[in-house]
file model24.pdb (PDB, C-alpha atoms)
ATOM      1  CA  MET A   1     -21.477  65.437 -39.641  1.00  0.00           C
ATOM      2  CA  THR A   2     -22.729  62.957 -37.063  1.00  0.00           C
ATOM      3  CA  LYS A   3     -24.678  64.610 -34.273  1.00  0.00           C
ATOM      4  CA  THR A   4     -23.931  63.722 -30.647  1.00  0.00           C
ATOM      5  CA  PHE A   5     -26.626  63.803 -27.971  1.00  0.00           C
ATOM      6  CA  THR A   6     -25.449  63.707 -24.357  1.00  0.00           C
ATOM      7  CA  VAL A   7     -27.700  62.386 -21.587  1.00  0.00           C
ATOM      8  CA  ALA A   8     -26.944  62.569 -17.874  1.00  0.00           C
ATOM      9  CA  VAL A   9     -28.628  59.978 -15.656  1.00  0.00           C
ATOM     10  CA  SER A  10     -28.152  60.941 -12.031  1.00  0.00           C
ATOM     11  CA  GLY A  11     -29.742  60.228  -8.683  1.00  0.00           C
ATOM     12  CA  PRO A  12     -28.907  59.011  -5.189  1.00  0.00           C
ATOM     13  CA  SER A  13     -26.883  55.872  -4.537  1.00  0.00           C
ATOM     14  CA  CYS A  14     -28.766  52.681  -5.528  1.00  0.00           C
ATOM     15  CA  SER A  15     -31.494  54.532  -7.449  1.00  0.00           C
ATOM     16  CA  GLY A  16     -30.911  52.317 -10.498  1.00  0.00           C
ATOM     17  CA  LYS A  17     -28.742  54.615 -12.631  1.00  0.00           C
ATOM     18  CA  SER A  18     -26.249  52.041 -13.877  1.00  0.00           C
ATOM     19  CA  THR A  19     -28.938  49.412 -14.394  1.00  0.00           C
ATOM     20  CA  CYS A  20     -30.868  51.888 -16.513  1.00  0.00           C
ATOM     21  CA  VAL A  21     -28.005  53.059 -18.734  1.00  0.00           C
ATOM     22  CA  ARG A  22     -26.910  49.489 -19.421  1.00  0.00           C
ATOM     23  CA  PHE A  23     -30.411  48.624 -20.583  1.00  0.00           C
ATOM     24  CA  ILE A  24     -30.377  51.818 -22.648  1.00  0.00           C
ATOM     25  CA  ARG A  25     -27.209  50.628 -24.375  1.00  0.00           C
ATOM     26  CA  GLN A  26     -29.194  47.610 -25.587  1.00  0.00           C
ATOM     27  CA  ILE A  27     -31.960  49.858 -26.959  1.00  0.00           C
ATOM     28  CA  PHE A  28     -30.125  52.761 -28.610  1.00  0.00           C
ATOM     29  CA  SER A  29     -27.369  51.882 -31.068  1.00  0.00           C
ATOM     30  CA  ASN A  30     -24.105  53.849 -31.216  1.00  0.00           C
ATOM     31  CA  THR A  31     -24.058  54.457 -27.458  1.00  0.00           C
ATOM     32  CA  THR A  32     -21.145  55.148 -25.103  1.00  0.00           C
ATOM     33  CA  ILE A  33     -21.298  55.371 -21.297  1.00  0.00           C
ATOM     34  CA  VAL A  34     -19.054  57.505 -19.100  1.00  0.00           C
ATOM     35  CA  TYR A  35     -19.304  56.540 -15.429  1.00  0.00           C
ATOM     36  CA  GLU A  36     -18.653  59.205 -12.812  1.00  0.00           C
ATOM     37  CA  ASP A  37     -17.500  56.514 -10.376  1.00  0.00           C
ATOM     38  CA  ASP A  38     -14.445  55.926 -12.581  1.00  0.00           C
ATOM     39  CA  PHE A  39     -13.195  59.366 -11.528  1.00  0.00           C
ATOM     40  CA  TYR A  40     -12.916  58.956  -7.789  1.00  0.00           C
ATOM     41  CA  LEU A  41      -9.700  60.164  -6.224  1.00  0.00           C
ATOM     42  CA  PRO A  42      -7.284  57.448  -5.066  1.00  0.00           C
ATOM     43  CA  ASP A  43      -8.584  55.748  -1.931  1.00  0.00           C
ATOM     44  CA  ALA A  44      -5.949  57.365   0.296  1.00  0.00           C
ATOM     45  CA  GLU A  45      -6.899  60.869  -0.919  1.00  0.00           C
ATOM     46  CA  LEU A  46     -10.621  60.636  -0.219  1.00  0.00           C
ATOM     47  CA  PRO A  47     -11.945  63.273   2.193  1.00  0.00           C
ATOM     48  CA  ILE A  48     -12.842  62.265   5.733  1.00  0.00           C
ATOM     49  CA  ASP A  49     -16.241  63.112   7.149  1.00  0.00           C
ATOM     50  CA  PRO A  50     -15.551  65.130  10.331  1.00  0.00           C
ATOM     51  CA  GLU A  51     -18.585  63.802  12.220  1.00  0.00           C
ATOM     52  CA  THR A  52     -18.140  60.061  11.642  1.00  0.00           C
ATOM     53  CA  GLY A  53     -14.468  59.788  10.801  1.00  0.00           C
ATOM     54  CA  TYR A  54     -15.400  57.702   7.744  1.00  0.00           C
ATOM     55  CA  GLN A  55     -14.027  58.188   4.261  1.00  0.00           C
ATOM     56  CA  ASN A  56     -16.665  60.173   2.391  1.00  0.00           C
ATOM     57  CA  TRP A  57     -17.252  58.766  -1.079  1.00  0.00           C
ATOM     58  CA  ASP A  58     -20.389  60.864  -1.533  1.00  0.00           C
ATOM     59  CA  THR A  59     -19.044  64.390  -1.564  1.00  0.00           C
ATOM     60  CA  ALA A  60     -18.020  66.523  -4.538  1.00  0.00           C
ATOM     61  CA  GLU A  61     -14.482  66.642  -3.174  1.00  0.00           C
ATOM     62  CA  ALA A  62     -14.145  62.875  -3.789  1.00  0.00           C
ATOM     63  CA  ILE A  63     -14.461  63.226  -7.591  1.00  0.00           C
ATOM     64  CA  ASN A  64     -11.928  64.487 -10.132  1.00  0.00           C
ATOM     65  CA  PHE A  65     -14.411  66.524 -12.164  1.00  0.00           C
ATOM     66  CA  ASN A  66     -11.753  68.073 -14.399  1.00  0.00           C
ATOM     67  CA  LYS A  67     -10.733  64.644 -15.651  1.00  0.00           C
ATOM     68  CA  LEU A  68     -14.373  63.591 -16.028  1.00  0.00           C
ATOM     69  CA  VAL A  69     -15.162  66.623 -18.187  1.00  0.00           C
ATOM     70  CA  ASP A  70     -12.041  66.061 -20.300  1.00  0.00           C
ATOM     71  CA  VAL A  71     -13.031  62.440 -21.002  1.00  0.00           C
ATOM     72  CA  LEU A  72     -16.621  63.453 -21.761  1.00  0.00           C
ATOM     73  CA  ARG A  73     -15.529  66.134 -24.236  1.00  0.00           C
ATOM     74  CA  TYR A  74     -13.187  63.711 -25.969  1.00  0.00           C
ATOM     75  CA  THR A  75     -15.922  61.072 -26.212  1.00  0.00           C
ATOM     76  CA  LYS A  76     -18.400  63.550 -27.672  1.00  0.00           C
ATOM     77  CA  ARG A  77     -15.855  64.781 -30.205  1.00  0.00           C
ATOM     78  CA  GLU A  78     -14.357  61.449 -31.270  1.00  0.00           C
ATOM     79  CA  GLY A  79     -17.302  59.115 -30.767  1.00  0.00           C
ATOM     80  CA  ARG A  80     -15.344  56.779 -28.505  1.00  0.00           C
ATOM     81  CA  LEU A  81     -13.619  56.692 -25.144  1.00  0.00           C
ATOM     82  CA  PRO A  82      -9.962  57.798 -25.018  1.00  0.00           C
ATOM     83  CA  GLU A  83      -7.186  55.293 -25.640  1.00  0.00           C
ATOM     84  CA  GLY A  84      -6.115  53.667 -22.405  1.00  0.00           C
ATOM     85  CA  TYR A  85      -9.366  54.464 -20.610  1.00  0.00           C
ATOM     86  CA  THR A  86     -10.849  51.327 -19.110  1.00  0.00           C
ATOM     87  CA  SER A  87     -14.032  51.545 -17.082  1.00  0.00           C
ATOM     88  CA  ARG A  88     -13.939  49.660 -13.817  1.00  0.00           C
ATOM     89  CA  GLU A  89     -17.647  50.335 -13.380  1.00  0.00           C
ATOM     90  CA  ASP A  90     -18.544  48.547 -16.590  1.00  0.00           C
ATOM     91  CA  THR A  91     -17.059  45.253 -15.404  1.00  0.00           C
ATOM     92  CA  TRP A  92     -19.460  44.401 -12.571  1.00  0.00           C
ATOM     93  CA  GLU A  93     -23.065  43.299 -12.769  1.00  0.00           C
ATOM     94  CA  THR A  94     -25.733  45.559 -11.305  1.00  0.00           C
ATOM     95  CA  GLY A  95     -28.367  44.233  -8.927  1.00  0.00           C
ATOM     96  CA  GLY A  96     -31.165  44.871 -11.411  1.00  0.00           C
ATOM     97  CA  SER A  97     -29.436  43.498 -14.498  1.00  0.00           C
ATOM     98  CA  LYS A  98     -32.199  40.950 -15.123  1.00  0.00           C
ATOM     99  CA  SER A  99     -35.130  43.075 -13.972  1.00  0.00           C
ATOM    100  CA  VAL A 100     -36.394  43.960 -17.468  1.00  0.00           C
ATOM    101  CA  SER A 101     -37.395  41.195 -19.858  1.00  0.00           C
ATOM    102  CA  THR A 102     -35.931  40.560 -23.295  1.00  0.00           C
ATOM    103  CA  GLU A 103     -39.395  41.134 -24.748  1.00  0.00           C
ATOM    104  CA  VAL A 104     -39.605  44.631 -23.278  1.00  0.00           C
ATOM    105  CA  LEU A 105     -36.096  45.485 -24.477  1.00  0.00           C
ATOM    106  CA  ASP A 106     -36.967  44.275 -27.989  1.00  0.00           C
ATOM    107  CA  GLU A 107     -40.175  46.335 -27.944  1.00  0.00           C
ATOM    108  CA  LEU A 108     -38.343  49.495 -26.908  1.00  0.00           C
ATOM    109  CA  ARG A 109     -35.512  48.891 -29.384  1.00  0.00           C
ATOM    110  CA  GLN A 110     -37.948  48.575 -32.284  1.00  0.00           C
ATOM    111  CA  MET A 111     -39.828  51.694 -31.191  1.00  0.00           C
ATOM    112  CA  VAL A 112     -36.602  53.702 -30.960  1.00  0.00           C
ATOM    113  CA  GLU A 113     -35.335  52.487 -34.337  1.00  0.00           C
ATOM    114  CA  GLN A 114     -38.618  53.413 -36.020  1.00  0.00           C
ATOM    115  CA  ARG A 115     -38.840  56.853 -34.405  1.00  0.00           C
ATOM    116  CA  LEU A 116     -35.251  57.799 -35.208  1.00  0.00           C
ATOM    117  CA  LYS A 117     -35.606  56.532 -38.773  1.00  0.00           C
ATOM    118  CA  GLU A 118     -38.705  58.683 -39.248  1.00  0.00           C
ATOM    119  CA  LYS A 119     -36.699  61.713 -38.100  1.00  0.00           C
ATOM    120  CA  GLY A 120     -33.598  60.821 -40.129  1.00  0.00           C
ATOM    121  CA  MET A 121     -31.572  60.502 -36.933  1.00  0.00           C
ATOM    122  CA  GLU A 122     -30.392  56.881 -37.181  1.00  0.00           C
ATOM    123  CA  ASP A 123     -26.726  57.920 -37.092  1.00  0.00           C
ATOM    124  CA  THR A 124     -26.975  60.104 -33.994  1.00  0.00           C
ATOM    125  CA  ARG A 125     -24.394  59.189 -31.356  1.00  0.00           C
ATOM    126  CA  LEU A 126     -25.506  59.023 -27.749  1.00  0.00           C
ATOM    127  CA  VAL A 127     -23.151  59.590 -24.842  1.00  0.00           C
ATOM    128  CA  PHE A 128     -24.497  58.799 -21.382  1.00  0.00           C
ATOM    129  CA  VAL A 129     -23.037  60.086 -18.146  1.00  0.00           C
ATOM    130  CA  ASP A 130     -23.957  57.959 -15.135  1.00  0.00           C
ATOM    131  CA  GLY A 131     -23.281  59.437 -11.717  1.00  0.00           C
ATOM    132  CA  PHE A 132     -24.602  60.342  -8.293  1.00  0.00           C
ATOM    133  CA  MET A 133     -23.487  63.977  -8.496  1.00  0.00           C
ATOM    134  CA  LEU A 134     -23.674  65.541 -11.936  1.00  0.00           C
ATOM    135  CA  TYR A 135     -25.636  68.756 -11.500  1.00  0.00           C
ATOM    136  CA  ASN A 136     -23.365  70.856  -9.301  1.00  0.00           C
ATOM    137  CA  GLU A 137     -20.454  71.508 -11.670  1.00  0.00           C
ATOM    138  CA  GLN A 138     -21.027  74.168 -14.344  1.00  0.00           C
ATOM    139  CA  PRO A 139     -18.360  72.880 -16.799  1.00  0.00           C
ATOM    140  CA  LEU A 140     -20.086  69.498 -16.744  1.00  0.00           C
ATOM    141  CA  LEU A 141     -23.600  70.936 -17.020  1.00  0.00           C
ATOM    142  CA  ARG A 142     -22.617  72.796 -20.189  1.00  0.00           C
ATOM    143  CA  GLU A 143     -21.809  69.491 -21.896  1.00  0.00           C
ATOM    144  CA  LEU A 144     -25.256  67.933 -21.350  1.00  0.00           C
ATOM    145  CA  SER A 145     -28.174  67.811 -23.794  1.00  0.00           C
ATOM    146  CA  LEU A 146     -30.616  66.223 -21.326  1.00  0.00           C
ATOM    147  CA  LYS A 147     -30.495  66.000 -17.539  1.00  0.00           C
ATOM    148  CA  LEU A 148     -32.467  63.228 -15.813  1.00  0.00           C
ATOM    149  CA  LEU A 149     -32.705  62.366 -12.119  1.00  0.00           C
ATOM    150  CA  LEU A 150     -33.867  58.949 -10.924  1.00  0.00           C
ATOM    151  CA  ARG A 151     -35.334  58.639  -7.431  1.00  0.00           C
ATOM    152  CA  ALA A 152     -36.699  56.083  -4.986  1.00  0.00           C
ATOM    153  CA  PRO A 153     -37.862  56.304  -1.353  1.00  0.00           C
ATOM    154  CA  LYS A 154     -35.033  56.590   1.177  1.00  0.00           C
ATOM    155  CA  GLU A 155     -35.864  53.316   2.914  1.00  0.00           C
ATOM    156  CA  ILE A 156     -35.681  51.390  -0.357  1.00  0.00           C
ATOM    157  CA  LEU A 157     -32.364  52.995  -1.262  1.00  0.00           C
ATOM    158  CA  ALA A 158     -30.978  52.118   2.173  1.00  0.00           C
ATOM    159  CA  GLN A 159     -31.946  48.462   1.819  1.00  0.00           C
ATOM    160  CA  ARG A 160     -30.471  48.244  -1.670  1.00  0.00           C
ATOM    161  CA  ARG A 161     -27.236  49.686  -0.338  1.00  0.00           C
ATOM    162  CA  ILE A 162     -27.136  47.020   2.377  1.00  0.00           C
ATOM    163  CA  ASP A 163     -27.856  44.280  -0.160  1.00  0.00           C
ATOM    164  CA  ARG A 164     -25.215  45.507  -2.595  1.00  0.00           C
ATOM    165  CA  GLY A 165     -22.224  44.082  -0.755  1.00  0.00           C
ATOM    166  CA  PRO A 166     -18.593  45.259  -1.096  1.00  0.00           C
ATOM    167  CA  TYR A 167     -17.842  47.906  -3.707  1.00  0.00           C
ATOM    168  CA  ILE A 168     -14.760  47.400  -5.885  1.00  0.00           C
ATOM    169  CA  THR A 169     -12.534  50.495  -5.857  1.00  0.00           C
ATOM    170  CA  ALA A 170      -9.449  51.420  -7.884  1.00  0.00           C
ATOM    171  CA  GLU A 171      -7.225  50.040  -5.142  1.00  0.00           C
ATOM    172  CA  GLY A 172      -9.270  47.364  -3.413  1.00  0.00           C
ATOM    173  CA  GLU A 173     -12.800  47.176  -2.107  1.00  0.00           C
ATOM    174  CA  TRP A 174     -15.065  49.151   0.204  1.00  0.00           C
ATOM    175  CA  SER A 175     -17.750  47.876   2.563  1.00  0.00           C
ATOM    176  CA  ASP A 176     -20.051  50.382   4.240  1.00  0.00           C
ATOM    177  CA  PRO A 177     -19.336  50.760   7.954  1.00  0.00           C
ATOM    178  CA  PRO A 178     -22.303  50.833  10.362  1.00  0.00           C
ATOM    179  CA  GLY A 179     -24.686  53.716   9.699  1.00  0.00           C
ATOM    180  CA  TYR A 180     -22.894  54.806   6.531  1.00  0.00           C
ATOM    181  CA  PHE A 181     -26.052  55.230   4.494  1.00  0.00           C
ATOM    182  CA  GLU A 182     -27.042  58.204   6.651  1.00  0.00           C
ATOM    183  CA  LEU A 183     -23.883  59.947   5.425  1.00  0.00           C
ATOM    184  CA  VAL A 184     -24.771  58.965   1.854  1.00  0.00           C
ATOM    185  CA  TRP A 185     -28.266  60.393   2.200  1.00  0.00           C
ATOM    186  CA  LYS A 186     -27.073  63.529   3.975  1.00  0.00           C
ATOM    187  CA  SER A 187     -24.685  64.268   1.097  1.00  0.00           C
ATOM    188  CA  TYR A 188     -27.361  63.636  -1.517  1.00  0.00           C
ATOM    189  CA  VAL A 189     -29.719  66.088   0.191  1.00  0.00           C
ATOM    190  CA  LYS A 190     -26.944  68.658   0.636  1.00  0.00           C
ATOM    191  CA  TYR A 191     -26.058  68.717  -3.043  1.00  0.00           C
ATOM    192  CA  HIS A 192     -29.578  68.432  -4.476  1.00  0.00           C
ATOM    193  CA  LYS A 193     -31.954  70.331  -2.190  1.00  0.00           C
ATOM    194  CA  ASN A 194     -31.288  73.561  -4.086  1.00  0.00           C
ATOM    195  CA  ILE A 195     -33.004  72.205  -7.215  1.00  0.00           C
ATOM    196  CA  PHE A 196     -36.236  71.213  -5.414  1.00  0.00           C
ATOM    197  CA  GLU A 197     -39.133  73.310  -4.170  1.00  0.00           C
ATOM    198  CA  GLY A 198     -38.581  74.049  -0.486  1.00  0.00           C
ATOM    199  CA  GLY A 199     -35.463  71.874  -0.464  1.00  0.00           C
ATOM    200  CA  ASN A 200     -37.614  68.717  -0.368  1.00  0.00           C
ATOM    201  CA  VAL A 201     -35.746  66.130  -2.479  1.00  0.00           C
ATOM    202  CA  ASP A 202     -38.858  63.929  -2.563  1.00  0.00           C
ATOM    203  CA  GLY A 203     -40.924  66.798  -3.971  1.00  0.00           C
ATOM    204  CA  GLU A 204     -41.093  68.828  -7.182  1.00  0.00           C
ATOM    205  CA  LEU A 205     -38.275  70.489  -9.072  1.00  0.00           C
ATOM    206  CA  ARG A 206     -38.164  74.274  -8.876  1.00  0.00           C
ATOM    207  CA  GLY A 207     -39.705  75.970 -11.889  1.00  0.00           C
ATOM    208  CA  GLU A 208     -36.488  77.511 -13.158  1.00  0.00           C
ATOM    209  CA  ILE A 209     -34.713  74.145 -12.936  1.00  0.00           C
ATOM    210  CA  LYS A 210     -37.407  72.559 -15.124  1.00  0.00           C
ATOM    211  CA  GLU A 211     -37.008  75.403 -17.602  1.00  0.00           C
ATOM    212  CA  GLU A 212     -33.292  74.616 -17.782  1.00  0.00           C
ATOM    213  CA  GLY A 213     -34.165  71.134 -19.049  1.00  0.00           C
ATOM    214  CA  MET A 214     -33.907  68.893 -16.010  1.00  0.00           C
ATOM    215  CA  GLU A 215     -36.502  66.171 -15.430  1.00  0.00           C
ATOM    216  CA  VAL A 216     -37.058  63.958 -12.410  1.00  0.00           C
ATOM    217  CA  SER A 217     -38.646  60.511 -12.097  1.00  0.00           C
ATOM    218  CA  ARG A 218     -41.458  59.512  -9.764  1.00  0.00           C
ATOM    219  CA  LEU A 219     -40.416  58.068  -6.408  1.00  0.00           C
ATOM    220  CA  GLU A 220     -42.404  54.893  -7.006  1.00  0.00           C
ATOM    221  CA  GLY A 221     -42.004  52.332  -9.767  1.00  0.00           C
ATOM    222  CA  GLY A 222     -39.747  49.483 -10.794  1.00  0.00           C
ATOM    223  CA  ASN A 223     -36.892  49.300 -13.261  1.00  0.00           C
ATOM    224  CA  GLU A 224     -39.119  48.714 -16.271  1.00  0.00           C
ATOM    225  CA  GLU A 225     -41.206  51.799 -15.529  1.00  0.00           C
ATOM    226  CA  ARG A 226     -38.087  53.913 -15.023  1.00  0.00           C
ATOM    227  CA  LEU A 227     -36.539  52.581 -18.223  1.00  0.00           C
ATOM    228  CA  ARG A 228     -39.656  53.417 -20.238  1.00  0.00           C
ATOM    229  CA  TRP A 229     -39.657  56.897 -18.713  1.00  0.00           C
ATOM    230  CA  VAL A 230     -35.997  57.495 -19.614  1.00  0.00           C
ATOM    231  CA  VAL A 231     -36.442  56.209 -23.168  1.00  0.00           C
ATOM    232  CA  GLY A 232     -39.478  58.459 -23.600  1.00  0.00           C
ATOM    233  CA  ARG A 233     -37.671  61.524 -22.326  1.00  0.00           C
ATOM    234  CA  ILE A 234     -34.694  60.874 -24.615  1.00  0.00           C
ATOM    235  CA  LEU A 235     -36.826  60.424 -27.716  1.00  0.00           C
ATOM    236  CA  GLU A 236     -38.905  63.502 -26.961  1.00  0.00           C
ATOM    237  CA  LYS A 237     -35.798  65.655 -26.491  1.00  0.00           C
ATOM    238  CA  MET A 238     -33.942  64.248 -29.518  1.00  0.00           C
ATOM    239  CA  CYS A 239     -36.885  64.539 -31.881  1.00  0.00           C
ATOM    240  CA  GLN A 240     -38.347  67.881 -30.832  1.00  0.00           C
TER     241      GLN A 240
END
call {"tool": "encode", "arguments": {"input": "model24.pdb", "output": "structure tokens"}}
result
Amino acid sequence: MTKTFTVAVSGPSCSGKSTCVRFIRQIFSNTTIVYEDDFYLPDAELPIDPETGYQNWDTAEAINFNKLVDVLRYTKREGRLPEGYTSREDTWETGGSKSVSTEVLDELRQMVEQRLKEKGMEDTRLVFVDGFMLYNEQPLLRELSLKLLLRAPKEILAQRRIDRGPYITAEGEWSDPPGYFELVWKSYVKYHKNIFEGGNVDGELRGEIKEEGMEVSRLEGGNEERLRWVVGRILEKMCQ
């Protein structure tokens, strides 16, 4: 029976999650990606932030987690996405799509192929879950083999968000109104401070969270460094 290994790649908005998992798809064969952003509620049903009056895309109440978990379970069981499921997220190019060279991707692909062959794991299926909020829902957590969190300094994330341009939604497009990133960051801290020592999201994970299998990237570093880190963590967990 083919084994399935499920990896969550989470982190704040513009931390490089989607860029990373798309590179990963070029390195690990037999890979499927489930994007959390495909499970937003319809635009008109999104919650409104009471302080700003803006639609809040960065709160747990904006995501249909039940549907996300159902699709993830199906994908793990069947080795493919459900019939009729089309990912909107997978159709647009990420800002860092050319930030890692072909030579590096070839190097990592060969390393992965050799390591998995040595372990007799060439046929293992990998399912990746890409999303900004993956570690607050217990039904989702129970489906994950490895939990990774990518980070970057707040000021860099803010600039990337500005540079990103309009975001294509299920019903149109969204452009951040003035000051919106502060709402984005506030929500990220709200939902993630409980897993860090002293609530400092730029600091260290709490000991018990590490013991539960979550790992967090350094704040510094470019896409190649983050990609190498993610590949290393996956191989270590798969082959242990």
call {"tool": "residues_near_point", "arguments": {"input": "model24.pdb", "point": "(-31.9, 46.5, -3.2)", "cutoff": "12 Å", "atoms": "only C-alpha atoms", "output": "list in words"}}
result
Ser13, Cys14, Ser15, Gly16, Thr19, Thr94, Gly95, Gly96, Ser97, Ser99, Ala152, Pro153, Lys154, Glu155, Ile156, Leu157, Ala158, Gln159, Arg160, Arg161, Ile162, Asp163, Arg164, Gly165, Gly222 and Asn223 of chain A
call {"tool": "atom_distance", "arguments": {"input": "model24.pdb", "atom1": "atom CA of A:Val9", "atom2": "atom CA of A:Leu150"}}
result
7.1 Å
call {"tool": "atom_distance", "arguments": {"input": "model24.pdb", "atom1": "atom CA of A:Tyr191", "atom2": "atom CA of A:Asn136"}}
result
7.1 Å
call {"tool": "residues_around", "arguments": {"input": "model24.pdb", "residues": "stretch 198-205 of chain A", "least_positions_apart": "4", "cutoff": "10 Å", "atoms": "only C-alpha atoms", "output": "ChimeraX atom specification"}}
result
/A:151-154,188-190,192-194,209-211,214-219
call {"tool": "resolve_selection", "arguments": {"input": "model24.pdb", "expression": "the PyMOL selection byres ((chain A and resi 123) around 12)", "output": "VMD selection string"}}
result
chain A and resid 1 to 5 28 to 31 79 113 116 to 117 119 to 122 124 to 126
call {"tool": "resolve_selection", "arguments": {"input": "model24.pdb", "expression": "the PyMOL selection byres ((chain A and resi 233) around 12)", "output": "list of chain:residue names"}}
result
A:Val7, A:Ala8, A:Val9, A:Val112, A:Ser145, A:Leu146, A:Lys147, A:Leu148, A:Leu149, A:Gly213, A:Met214, A:Glu215, A:Val216, A:Ser217, A:Arg226, A:Leu227, A:Arg228, A:Trp229, A:Val230, A:Val231, A:Gly232, A:Ile234, A:Leu235, A:Glu236, A:Lys237, A:Met238, A:Cys239, A:Gln240
call {"tool": "resolve_selection", "arguments": {"input": "model24.pdb", "expression": "the PyMOL selection byres ((chain A and resi 72) around 12)", "output": "number ranges by chain"}}
result
A: 4-8, 32-36, 39, 65-71, 73-82, 85, 126-130, 139-144
call {"tool": "closest_residue", "arguments": {"input": "model24.pdb", "among": "A:Ile195, A:Gly221, A:Val100, A:Ala44", "to": "A:Asn56", "atoms": "all atoms listed in the file"}}
result
A:Ala44
call {"tool": "residues_around", "arguments": {"input": "model24.pdb", "residues": "A:Thr102", "least_positions_apart": "4", "cutoff": "12 Å", "atoms": "all atoms listed in the file", "output": "list in words"}}
result
Phe23, Gln26, Ile27, Ser97, Lys98, Asp106, Glu107, Leu108, Arg109 and Glu224 of chain A
call {"tool": "atom_distance", "arguments": {"input": "model24.pdb", "atom1": "atom CA of A:Phe132", "atom2": "atom CA of A:Ser10"}}
result
5.2 Å
call {"tool": "residues_near_point", "arguments": {"input": "model24.pdb", "point": "(-14.3, 48.3, 3.5)", "cutoff": "12 Å", "atoms": "only C-alpha atoms", "output": "list in words"}}
result
Asp43, Tyr54, Gln55, Trp57, Gly165, Pro166, Tyr167, Ile168, Thr169, Glu171, Gly172, Glu173, Trp174, Ser175, Asp176, Pro177, Pro178 and Tyr180 of chain A
call {"tool": "write_last_selection", "arguments": {"input": "model24.pdb", "atoms": "C-alpha atoms", "output": "CSV table (one decimal), in the frame of the given file"}}
result
chain,number,residue,atom,x,y,z
A,43,ASP,CA,-8.6,55.7,-1.9
A,54,TYR,CA,-15.4,57.7,7.7
A,55,GLN,CA,-14.0,58.2,4.3
A,57,TRP,CA,-17.3,58.8,-1.1
A,165,GLY,CA,-22.2,44.1,-0.8
A,166,PRO,CA,-18.6,45.3,-1.1
A,167,TYR,CA,-17.8,47.9,-3.7
A,168,ILE,CA,-14.8,47.4,-5.9
A,169,THR,CA,-12.5,50.5,-5.9
A,171,GLU,CA,-7.2,50.0,-5.1
A,172,GLY,CA,-9.3,47.4,-3.4
A,173,GLU,CA,-12.8,47.2,-2.1
A,174,TRP,CA,-15.1,49.2,0.2
A,175,SER,CA,-17.8,47.9,2.6
A,176,ASP,CA,-20.1,50.4,4.2
A,177,PRO,CA,-19.3,50.8,8.0
A,178,PRO,CA,-22.3,50.8,10.4
A,180,TYR,CA,-22.9,54.8,6.5
call {"tool": "closest_residue", "arguments": {"input": "model24.pdb", "among": "A:Glu83, A:Asp37, A:Glu212, A:Glu197", "to": "A:Lys17", "atoms": "all atoms listed in the file"}}
result
A:Asp37
call {"tool": "decode", "arguments": {"input": "model24.pdb", "residues": "stretch 51-66 of chain A", "atoms": "C-alpha atoms", "output": "tab-separated table (two decimals), in the first residue's frame"}}
result
chain	number	residue	atom	x	y	z
A	51	GLU	CA	-12.16	48.48	14.24
A	52	THR	CA	-11.44	49.27	10.58
A	53	GLY	CA	-14.67	48.29	8.88
A	54	TYR	CA	-12.64	46.28	6.34
A	55	GLN	CA	-13.40	42.76	5.21
A	56	ASN	CA	-11.10	40.52	7.23
A	57	TRP	CA	-9.50	37.86	5.06
A	58	ASP	CA	-7.03	36.93	7.80
A	59	THR	CA	-9.26	35.51	10.49
A	60	ALA	CA	-10.25	31.89	11.10
A	61	GLU	CA	-13.88	32.83	10.50
A	62	ALA	CA	-13.04	33.60	6.84
A	63	ILE	CA	-12.11	29.97	6.04
A	64	ASN	CA	-14.36	26.95	5.52
A	65	PHE	CA	-12.20	24.52	7.49
A	66	ASN	CA	-14.70	21.67	7.29
